[in-house]
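my_file_30.json follows; it contains JSON, C-alpha atoms and all ligand atoms.
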```json
[["chain", "number", "residue", "atom", "x", "y", "z"],
["A", 15, "MET", "CA", -13.86, 8.03, 3.90],
["A", 16, "ASP", "CA", -13.04, 4.38, 3.83],
["A", 17, "LEU", "CA", -9.60, 4.18, 5.43],
["A", 18, "LYS", "CA", -9.27, 0.47, 4.81],
["A", 19, "SER", "CA", -9.75, 0.92, 1.07],
["A", 20, "TYR", "CA", -7.19, 3.74, 1.18],
["A", 21, "ALA", "CA", -4.70, 1.49, 2.99],
["A", 22, "GLU", "CA", -5.26, -1.03, 0.22],
["A", 23, "LEU", "CA", -4.67, 1.71, -2.35],
["A", 24, "ALA", "CA", -1.33, 2.43, -0.64],
["A", 25, "VAL", "CA", -0.36, -1.23, -1.07],
["A", 26, "LEU", "CA", -1.40, -1.14, -4.71],
["A", 27, "LEU", "CA", 0.60, 2.03, -5.37],
["A", 28, "VAL", "CA", 3.73, 0.47, -3.89],
["A", 29, "ASN", "CA", 3.32, -2.74, -5.87],
["A", 30, "ARG", "CA", 2.61, -0.97, -9.15],
["A", 31, "THR", "CA", 5.35, 1.66, -8.90],
["A", 32, "GLU", "CA", 7.24, 0.33, -11.89],
["A", 33, "ALA", "CA", 4.15, -0.12, -14.04],
["A", 34, "LEU", "CA", 2.91, 3.36, -13.16],
["A", 35, "ASN", "CA", 4.82, 4.97, -16.02],
["A", 36, "SER", "CA", 2.01, 6.57, -17.99],
["A", 37, "LEU", "CA", -1.24, 8.43, -17.46],
["A", 38, "GLN", "CA", -3.03, 5.47, -18.98],
["A", 39, "ALA", "CA", -1.54, 3.11, -16.38],
["A", 40, "LEU", "CA", -2.61, 5.47, -13.59],
["A", 41, "ARG", "CA", -6.14, 5.74, -15.02],
["A", 42, "GLU", "CA", -6.40, 1.95, -15.17],
["A", 43, "LEU", "CA", -5.28, 1.58, -11.56],
["A", 44, "LEU", "CA", -7.86, 4.14, -10.44],
["A", 45, "GLU", "CA", -10.67, 2.59, -12.46],
["A", 46, "GLU", "CA", -9.77, -0.83, -11.14],
["A", 47, "THR", "CA", -10.29, 0.44, -7.58],
["A", 48, "GLY", "CA", -13.61, 2.12, -8.42],
["A", 49, "ARG", "CA", -12.20, 5.67, -8.55],
["A", 50, "THR", "CA", -13.63, 6.50, -11.95],
["A", 51, "GLU", "CA", -14.12, 10.19, -11.23],
["A", 52, "SER", "CA", -10.48, 10.59, -10.22],
["A", 53, "ALA", "CA", -9.41, 8.54, -13.24],
["A", 54, "ALA", "CA", -11.13, 11.04, -15.55],
["A", 55, "ARG", "CA", -9.38, 14.02, -13.93],
["A", 56, "VAL", "CA", -5.74, 12.91, -13.57],
["A", 57, "THR", "CA", -2.99, 14.91, -15.22],
["A", 58, "ARG", "CA", 0.73, 14.43, -15.80],
["A", 59, "ARG", "CA", 1.40, 16.40, -12.59],
["A", 60, "ASP", "CA", -0.73, 13.95, -10.61],
["A", 61, "LEU", "CA", 1.25, 11.09, -12.10],
["A", 62, "ASP", "CA", 4.59, 12.66, -11.13],
["A", 63, "ALA", "CA", 3.37, 13.41, -7.61],
["A", 64, "LEU", "CA", 1.99, 9.91, -7.14],
["A", 65, "ARG", "CA", 5.15, 8.26, -8.42],
["A", 66, "GLU", "CA", 7.05, 10.19, -5.78],
["A", 67, "LEU", "CA", 4.50, 9.12, -3.16],
["A", 68, "CYS", "CA", 4.97, 5.47, -4.20],
["A", 69, "GLU", "CA", 8.65, 5.66, -3.23],
["A", 70, "GLU", "CA", 7.79, 7.17, 0.14],
["A", 71, "LEU", "CA", 5.11, 4.57, 0.85],
["A", 72, "ALA", "CA", 7.53, 1.80, -0.11],
["A", 73, "GLY", "CA", 9.90, 3.20, 2.54],
["A", 74, "VAL", "CA", 7.15, 2.90, 5.16],
["A", 75, "PHE", "CA", 6.53, -0.76, 4.30],
["A", 76, "ALA", "CA", 10.27, -1.51, 4.24],
["A", 77, "ALA", "CA", 10.71, 0.04, 7.69],
["A", 78, "ALA", "CA", 7.76, -1.97, 9.03],
["A", 79, "SER", "CA", 9.08, -5.16, 7.47],
["A", 80, "SER", "CA", 12.44, -4.70, 9.20],
["A", 81, "GLY", "CA", 10.64, -4.21, 12.52],
["A", 82, "ASP", "CA", 11.68, -0.58, 12.97],
["A", 83, "GLU", "CA", 8.42, 0.86, 14.31],
["A", 84, "ALA", "CA", 9.96, 4.20, 15.29],
["A", 85, "ASP", "CA", 11.06, 4.65, 11.67],
["A", 86, "VAL", "CA", 7.57, 3.73, 10.42],
["A", 87, "VAL", "CA", 6.03, 6.37, 12.66],
["A", 88, "GLU", "CA", 8.61, 8.99, 11.73],
["A", 89, "ARG", "CA", 8.06, 8.41, 8.01],
["A", 90, "LEU", "CA", 4.26, 8.52, 8.36],
["A", 91, "ASN", "CA", 4.40, 11.66, 10.48],
["A", 92, "GLY", "CA", 6.55, 13.32, 7.82],
["A", 93, "LEU", "CA", 4.01, 12.34, 5.17],
["A", 94, "LEU", "CA", 1.10, 13.59, 7.31],
["A", 95, "VAL", "CA", 2.75, 17.01, 7.52],
["A", 96, "ARG", "CA", 3.30, 17.15, 3.76],
["A", 97, "HIS", "CA", -0.21, 15.91, 2.93],
["A", 98, "PRO", "CA", -2.53, 17.72, 5.36],
["A", 99, "VAL", "CA", -6.14, 16.64, 5.79],
["A", 100, "HIS", "CA", -8.87, 19.16, 4.88],
["A", 101, "PRO", "CA", -11.99, 17.30, 5.98],
["A", 102, "GLN", "CA", -15.41, 18.09, 4.56],
["A", 103, "ILE", "CA", -18.79, 16.42, 4.92],
["A", 104, "SER", "CA", -19.99, 15.22, 1.56],
["A", 105, "GLY", "CA", -23.05, 13.49, 0.11],
["A", 106, "HIS", "CA", -23.21, 12.22, -3.45],
["A", 107, "ASP", "CA", -24.26, 9.30, -5.61],
["A", 108, "GLY", "CA", -27.09, 8.44, -3.26],
["A", 109, "GLN", "CA", -24.72, 7.84, -0.33],
["A", 110, "GLY", "CA", -25.45, 9.24, 3.11],
["A", 111, "TRP", "CA", -23.39, 12.07, 4.56],
["A", 112, "HIS", "CA", -19.80, 11.01, 4.94],
["A", 113, "MET", "CA", -16.38, 12.55, 5.44],
["A", 114, "HIS", "CA", -14.03, 13.38, 2.63],
["A", 115, "LEU", "CA", -10.42, 13.82, 3.74],
["A", 116, "THR", "CA", -9.62, 16.54, 1.27],
["A", 117, "GLU", "CA", -11.74, 18.54, -1.13],
["A", 118, "GLY", "CA", -11.09, 20.69, -4.13],
["A", 119, "GLY", "CA", -7.42, 19.79, -4.52],
["A", 120, "ARG", "CA", -5.69, 17.85, -7.23],
["A", 121, "VAL", "CA", -6.38, 14.15, -7.59],
["A", 122, "ALA", "CA", -2.85, 13.36, -6.37],
["A", 123, "ASP", "CA", -3.45, 15.39, -3.19],
["A", 124, "ALA", "CA", -6.64, 13.51, -2.36],
["A", 125, "LEU", "CA", -5.06, 10.12, -3.06],
["A", 126, "SER", "CA", -1.91, 10.99, -1.09],
["A", 127, "VAL", "CA", -3.88, 12.15, 1.94],
["A", 128, "GLY", "CA", -6.05, 9.04, 1.73],
["A", 129, "SER", "CA", -3.14, 6.57, 1.40],
["A", 130, "VAL", "CA", -1.16, 8.15, 4.22],
["A", 131, "MET", "CA", -4.20, 8.35, 6.53],
["A", 132, "GLY", "CA", -5.09, 4.76, 5.60],
["A", 133, "LEU", "CA", -1.67, 3.49, 6.65],
["A", 134, "ALA", "CA", -1.64, 5.71, 9.75],
["A", 135, "SER", "CA", -4.95, 4.20, 10.84],
["A", 136, "VAL", "CA", -3.64, 0.65, 10.35],
["A", 137, "VAL", "CA", -0.52, 1.43, 12.39],
["A", 138, "THR", "CA", -2.41, 3.11, 15.23],
["A", 139, "GLY", "CA", -5.43, 0.78, 15.20],
["A", 140, "LEU", "CA", -3.80, -2.59, 14.57],
["A", 141, "GLY", "CA", -0.02, -2.12, 14.83],
["A", 142, "ALA", "CA", 2.97, -1.32, 12.64],
["A", 143, "ASP", "CA", 3.66, -5.03, 12.23],
["A", 144, "ARG", "CA", 0.54, -5.21, 10.06],
["A", 145, "LEU", "CA", 2.50, -3.68, 7.20],
["A", 146, "GLY", "CA", 4.92, -6.02, 5.49],
["A", 147, "ILE", "CA", 7.06, -6.85, 2.48],
["A", 148, "CYS", "CA", 6.69, -10.23, 0.79],
["A", 149, "GLN", "CA", 9.33, -12.72, 2.04],
["A", 150, "ALA", "CA", 9.30, -14.80, -1.16],
["A", 151, "THR", "CA", 12.40, -13.37, -2.84],
["A", 152, "PRO", "CA", 12.78, -11.85, -5.35],
["A", 153, "CYS", "CA", 9.23, -10.52, -4.81],
["A", 154, "ARG", "CA", 9.26, -7.23, -2.88],
["A", 155, "ASN", "CA", 5.52, -6.55, -2.91],
["A", 156, "ALA", "CA", 3.93, -4.81, 0.02],
["A", 157, "TYR", "CA", 0.96, -6.30, 1.87],
["A", 158, "LEU", "CA", -1.43, -5.60, 4.74],
["A", 159, "ASP", "CA", -1.62, -8.37, 7.30],
["A", 160, "THR", "CA", -5.24, -8.60, 8.37],
["A", 161, "SER", "CA", -4.94, -12.19, 9.62],
["A", 162, "SER", "CA", -6.14, -12.76, 13.20],
["A", 163, "ASN", "CA", -2.76, -14.12, 14.36],
["A", 164, "ARG", "CA", -0.44, -11.75, 12.44],
["A", 165, "SER", "CA", 0.99, -14.68, 10.54],
["A", 166, "ARG", "CA", 1.10, -13.27, 7.03],
["A", 167, "ARG", "CA", 4.50, -13.22, 5.31],
["A", 168, "TYR", "CA", 3.69, -13.20, 1.60],
["A", 169, "CYS", "CA", 1.87, -10.83, -0.74],
["A", 170, "SER", "CA", -0.23, -13.54, -2.37],
["A", 171, "GLU", "CA", -1.15, -17.21, -2.42],
["A", 172, "ARG", "CA", 1.14, -17.58, -5.40],
["A", 173, "CYS", "CA", 4.17, -16.29, -3.50],
["A", 174, "ALA", "CA", 3.28, -18.40, -0.44],
["A", 175, "SER", "CA", 3.25, -21.62, -2.48],
["A", 176, "ARG", "CA", 6.41, -20.60, -4.35],
["A", 177, "ALA", "CA", 8.16, -20.09, -1.00],
["A", 178, "ASN", "CA", 6.88, -23.45, 0.25],
["A", 179, "VAL", "CA", 8.23, -25.24, -2.81],
["A", 180, "ALA", "CA", 11.60, -23.48, -2.43],
["A", 181, "ALA", "CA", 11.80, -24.45, 1.26],
["A", 182, "TYR", "CA", 10.93, -28.06, 0.40],
["A", 183, "ARG", "CA", 13.68, -28.17, -2.26],
["A", 184, "ARG", "CA", 16.17, -26.73, 0.21],
["A", 185, "ARG", "CA", 15.34, -29.45, 2.72],
["A", 186, "GLN", "CA", 15.64, -32.14, 0.02],
["A", 187, "ASN", "CA", 19.04, -30.79, -1.05],
["A", 188, "GLN", "CA", 20.28, -30.74, 2.53],
["A", 189, "ARG", "CA", 19.15, -34.31, 3.04],
["A", 190, "ASN", "CA", 20.82, -35.45, -0.20],
["A", 191, "GLY", "CA", 23.97, -33.53, 0.74],
["A", 192, "ARG", "CA", 24.19, -35.38, 4.06],
["A", 193, "GLY", "CA", 23.72, -38.75, 2.35],
["A", 194, "GLN", "CA", 26.77, -38.39, 0.12],
["B", 1, "ZN", "ZN", -17.62, 10.45, -1.07],
["B", 2, "ZN", "ZN", 5.13, -11.79, -3.26]]
```

Now, as a test, write the supplied structure out as C-alpha cells.
Amino acid sequence: MDLKSYAELAVLLVNRTEALNSLQALRELLEETGRTESAARVTRRDLDALRELCEELAGVFAAASSGDEADVVERLNGLLVRHPVHPQISGHDGQGWHMHLTEGGRVADALSVGSVMGLASVVTGLGADRLGICQATPCRNAYLDTSSNRSRRYCSERCASRANVAAYRRRQNQRNGRGQ
C-alpha cells in the first residue's frame, strides 16, 4: 500500500467532485492515477459511494483549513469506523510482497479505505495542518502541503500567481486611492 498515493487520490477526489458525474469520468480518474484494474471493474454503485465519500473528504480538508484539528480527527475517525481495513499480503505484477488495505470488496470500498488511511497517515505523521484548501478565491481545491516549511497556501502554481496578481492590484488600488 502506498499511503502517499492514496492521500493524493483523496485530494483528487475532492477536487473532481463536480466532474465525477458519470462512470466514464470515474474510469478516467482511475486510469489517470494508474488504477486500470479498478477502472475496469467500477459500477454505478461504486460511483454513488465515491461521490458520497468526496463530500466527506472535502469536510476533512475544510476543517483542517480552518485550523480545527479536533474536528479533522473526529471526521477521520468516523470515516475509519465506516471504512474498516482488512489487510492482506499480496504479490502481483512482478512486485514483491506488499500489503493491500482491503481485499475482495467493491472498488469503492478499497478506494475509500485507501483515501481515508492516506489522510490519516498524513495527519498522524506530518500534522493536520498539512491538509489545506486553496486560498485563491473562488478556487476551493484541496491540497497536501509537503513543503519543508509548511508554507503552501494554494492548490497550484496557477492559483499562486493569480493570487499574487490580485494582491498586487489591491496594493495599487490602495495607493491610487490615497493619492486622490
Ligand atoms: Zn498491490
Ligand atoms: Zn486553487

With the cut-off set at 8 Å and counting all atoms listed in the file, tabulate each residue of chain A with an atom at most that distance from an atom of ligand ZN 2 (chain B), showing the nearest atom pair and its distance in Å to one decimal, ordered by chain and increasing number, as JSON lines.
```
{"residue": "A:Ile147", "atom": "CA", "partner": "B:ZN2", "partner_atom": "ZN", "distance": 7.8}
{"residue": "A:Cys148", "atom": "CA", "partner": "B:ZN2", "partner_atom": "ZN", "distance": 4.6}
{"residue": "A:Gln149", "atom": "CA", "partner": "B:ZN2", "partner_atom": "ZN", "distance": 6.8}
{"residue": "A:Ala150", "atom": "CA", "partner": "B:ZN2", "partner_atom": "ZN", "distance": 5.6}
{"residue": "A:Thr151", "atom": "CA", "partner": "B:ZN2", "partner_atom": "ZN", "distance": 7.5}
{"residue": "A:Pro152", "atom": "CA", "partner": "B:ZN2", "partner_atom": "ZN", "distance": 7.9}
{"residue": "A:Cys153", "atom": "CA", "partner": "B:ZN2", "partner_atom": "ZN", "distance": 4.6}
{"residue": "A:Arg154", "atom": "CA", "partner": "B:ZN2", "partner_atom": "ZN", "distance": 6.2}
{"residue": "A:Asn155", "atom": "CA", "partner": "B:ZN2", "partner_atom": "ZN", "distance": 5.3}
{"residue": "A:Ala156", "atom": "CA", "partner": "B:ZN2", "partner_atom": "ZN", "distance": 7.8}
{"residue": "A:Tyr168", "atom": "CA", "partner": "B:ZN2", "partner_atom": "ZN", "distance": 5.3}
{"residue": "A:Cys169", "atom": "CA", "partner": "B:ZN2", "partner_atom": "ZN", "distance": 4.2}
{"residue": "A:Ser170", "atom": "CA", "partner": "B:ZN2", "partner_atom": "ZN", "distance": 5.7}
{"residue": "A:Arg172", "atom": "CA", "partner": "B:ZN2", "partner_atom": "ZN", "distance": 7.4}
{"residue": "A:Cys173", "atom": "CA", "partner": "B:ZN2", "partner_atom": "ZN", "distance": 4.6}
{"residue": "A:Ala174", "atom": "CA", "partner": "B:ZN2", "partner_atom": "ZN", "distance": 7.4}
```

Review point. Atom CA of A:Leu145 and atom CA of A:Ala122, how far apart in Å?
Key: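 Computing the Euclidean distance for atom CA of A:Ala122 and atom CA of A:Leu145 yields 22.4 Å.
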
Practice item. Please give me, as a PyMOL selection string, the residues lying within 7 Å of ligand ZN 1 (chain B) when counting all atoms listed in the file. Key: chain A and resi 15+104-106+112-114

Using the selection just defined, write its residues with C-alpha atoms as a PDB file, keeping the file's coordinate frame.
```
ATOM      1  CA  MET A  15     -13.860   8.030   3.900  1.00  0.00           C
ATOM      2  CA  SER A 104     -19.990  15.220   1.560  1.00  0.00           C
ATOM      3  CA  GLY A 105     -23.050  13.490   0.110  1.00  0.00           C
ATOM      4  CA  HIS A 106     -23.210  12.220  -3.450  1.00  0.00           C
ATOM      5  CA  HIS A 112     -19.800  11.010   4.940  1.00  0.00           C
ATOM      6  CA  MET A 113     -16.380  12.550   5.440  1.00  0.00           C
ATOM      7  CA  HIS A 114     -14.030  13.380   2.630  1.00  0.00           C
TER       8      HIS A 114
END
```

Point to revise | Straight-line distance linking atom CA of A:Leu37 with atom CA of A:His100, stated in Å to one decimal | key: 25.9 Å

Exercise for review: Name all residues at most 12 Å from A:Glu88 (count only C-alpha atoms; drop same-chain ones fewer than 3 positions away) and give them as a VMD selection string.
Suggested key: chain A and resid 70 73 to 74 77 to 78 82 to 85 91 to 95 134 137 142

Check your understanding: Do you have the atom CA of A:Asn163-atom CA of A:Ala72 distance handy?
Key -> 23.8 Å

Point to revise | Proximity to A:Gly146 - best of A:Gly128, A:Gly108, A:Gly119, A:Gly81, only C-alpha atoms | key: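 Of the candidates, the smallest distance to A:Gly146 is held by A:Gly81.
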
Point to revise | Polymer residues at most 8 Å from (-3.6, -5.7, 0.3) by only C-alpha atoms, as a list of chain:residue names | key: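 Residues with an atom close enough to that point: A:Ala21, A:Glu22, A:Leu23, A:Val25, A:Leu26, A:Ala156, A:Tyr157, A:Leu158, A:Asp159, A:Cys169.
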